[in-house]
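Encoded as structure tokens, the structure appears first; notes follow it.
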Amino acid sequence: KKNAHPMLVGAGVYRPAAIKQLEVLAEQAGLEYFSLGENSNPVDIAVMSIGEAQLRGCDYVILDTAGRLHIDTEMMAEVRQIANEVKPHEILFVANAMIGQDAVRSAKQFHDNLPLTGVILTQMDGDARGGAALSIIEVTQCPIKFIGTGEKIDALEPFHPRRMADQILGMGDIVSLVEKAQEVVDKEKALQFQEKIRKANWDLEDFLEQIRQVKKMGSFGELLKKIPGINKLVPSGLDLPEDELKRTEAIILSMTKEERRNPKIINGSRRRRIAEGSGTTVQEVNALLKDFEKMRKMMKDMVKAQKGKIPKGMGPFFPSGAI
């Protein structure tokens, strides 16, 4: 995001497949990667990674060491040696927020053994709701720099204390929601879609693109948490529409380009073929086409009422049952 050129270094040699997992992650993110393999000494990997990063023109080295218990004196000595050898600018303690006070005790022990500069809390999308965050800050006197809210690459977010407090109090986090939208929505495509709405000539291919834009925002559960007051309106345990969106996407992808651009040609035999190809029923295909036509007519009427202008707030739309 900031035009940096980092390199990930796999030094977690003890957990099976940890090094390979990091390599795959680096490939997905388009980042440089370095390791000497599972049979190598983590200290050697760390030391050699610095020279390798310089050769590759990298400006940051992110060294991933193995997870360890604070009571394992040998492993703690190893990580101290790594810190002494490479003298990192940052030493970040990564903790699972869901383990509560165990994470706090572990953080304190690591802080006593290493000059920690910050903390990363993972699984902050669970029900812990930040209680561990406050305790870890207190015992380490280190800031929480990032939080993990999911398993995907983009689920690592900068930590904002005020926003976390708002979420703990059920007040949402509308700022993060807006930032996420600005980050993932293709502005050019959004403008093109608005123009198609204005001219009333958008089709199922545009519909599919809107679904994909929404999916980039993350899970509906996480999006809803960021909307102020939503926890009072949405019952706990409510089924959220990820499956509905996947089903809708599958139906549209089972259509030919001609069918997406002109849904009126989709007759009975085509509907049966689409249902079979998408693993759905003809009734579900019928419902999607019916809802799409309703939505298109509604938007056309709204634009007409606004004398050709796009009404404020008109954005992505969803299939029936998705909201």
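Letters for chains follow the order of the structure tokens (A, B, ...), residue numbers begin at 1 for each chain, and ligand numbers begin at 1 in the order shown.
Non-sequential neighbours of Ala275 in chain A (distance at most 10 Å, separation of 2 or more positions within a chain, only C-alpha atoms) are A:Ala250, A:Ile251, A:Ile252, A:Ser254, A:Met255, A:Ser269, A:Arg270, A:Arg271, A:Arg272, A:Arg273, A:Gly277, A:Ser278, A:Gly279, A:Thr280, A:Thr281, A:Val282, A:Gln283, A:Glu284, A:Val285, A:Asn286.
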Shell around Lys290 in chain A at 12 Å using only C-alpha atoms, local window under 5 positions removed, as a ChimeraX atom specification:
/A:263-264,266,283-285,295-297,319-320
Within 8 Å of range 28-34 of chain A, counting only C-alpha atoms, which residues qualify if same-chain residues fewer than 3 places away don't, as a ChimeraX atom specification?
/A:5-10,23-25,49,52,153
Keeping only C-alpha atoms, write the selected residues to a file as a CSV table (one decimal), in the first residue's frame.
```
chain,number,residue,atom,x,y,z
A,5,HIS,CA,9.4,-3.7,-1.0
A,6,PRO,CA,9.4,-6.1,2.0
A,7,MET,CA,10.7,-9.6,2.2
A,8,LEU,CA,9.1,-12.3,4.4
A,9,VAL,CA,11.5,-14.7,6.1
A,10,GLY,CA,10.5,-18.2,7.2
A,23,GLU,CA,6.0,-19.1,1.3
A,24,VAL,CA,2.5,-19.6,-0.2
A,25,LEU,CA,1.3,-16.5,1.7
A,49,SER,CA,18.1,-13.0,5.4
A,52,GLU,CA,19.7,-11.5,1.0
A,153,ILE,CA,-4.3,-11.4,3.8
```
Compare A:Asn41, A:Gln194, A:Thr117, A:Gln123 by their minimum atom-to-atom distance to Leu92 in chain A, counting only C-alpha atoms, and give me the closest one.
A:Thr117
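Our summary of the geometry notes that CA of Glu195 in chain A is positioned 27.3 Å from CA of Arg247 in chain A.
CA of Asp301 in chain A is positioned 13.9 Å from CA of Lys196 in chain A.
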Need to verify the contact set: Pro88 in chain A, 12 Å, only C-alpha atoms, exclusion of same-chain residues closer than 2 positions in sequence. Can you return it as a ChimeraX atom specification?
/A:46-47,50,60-63,79-86,90-92,114-117
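Distance-wise, CA of Ile147 in chain A and CA of Lys108 in chain A end up 18.4 Å apart.
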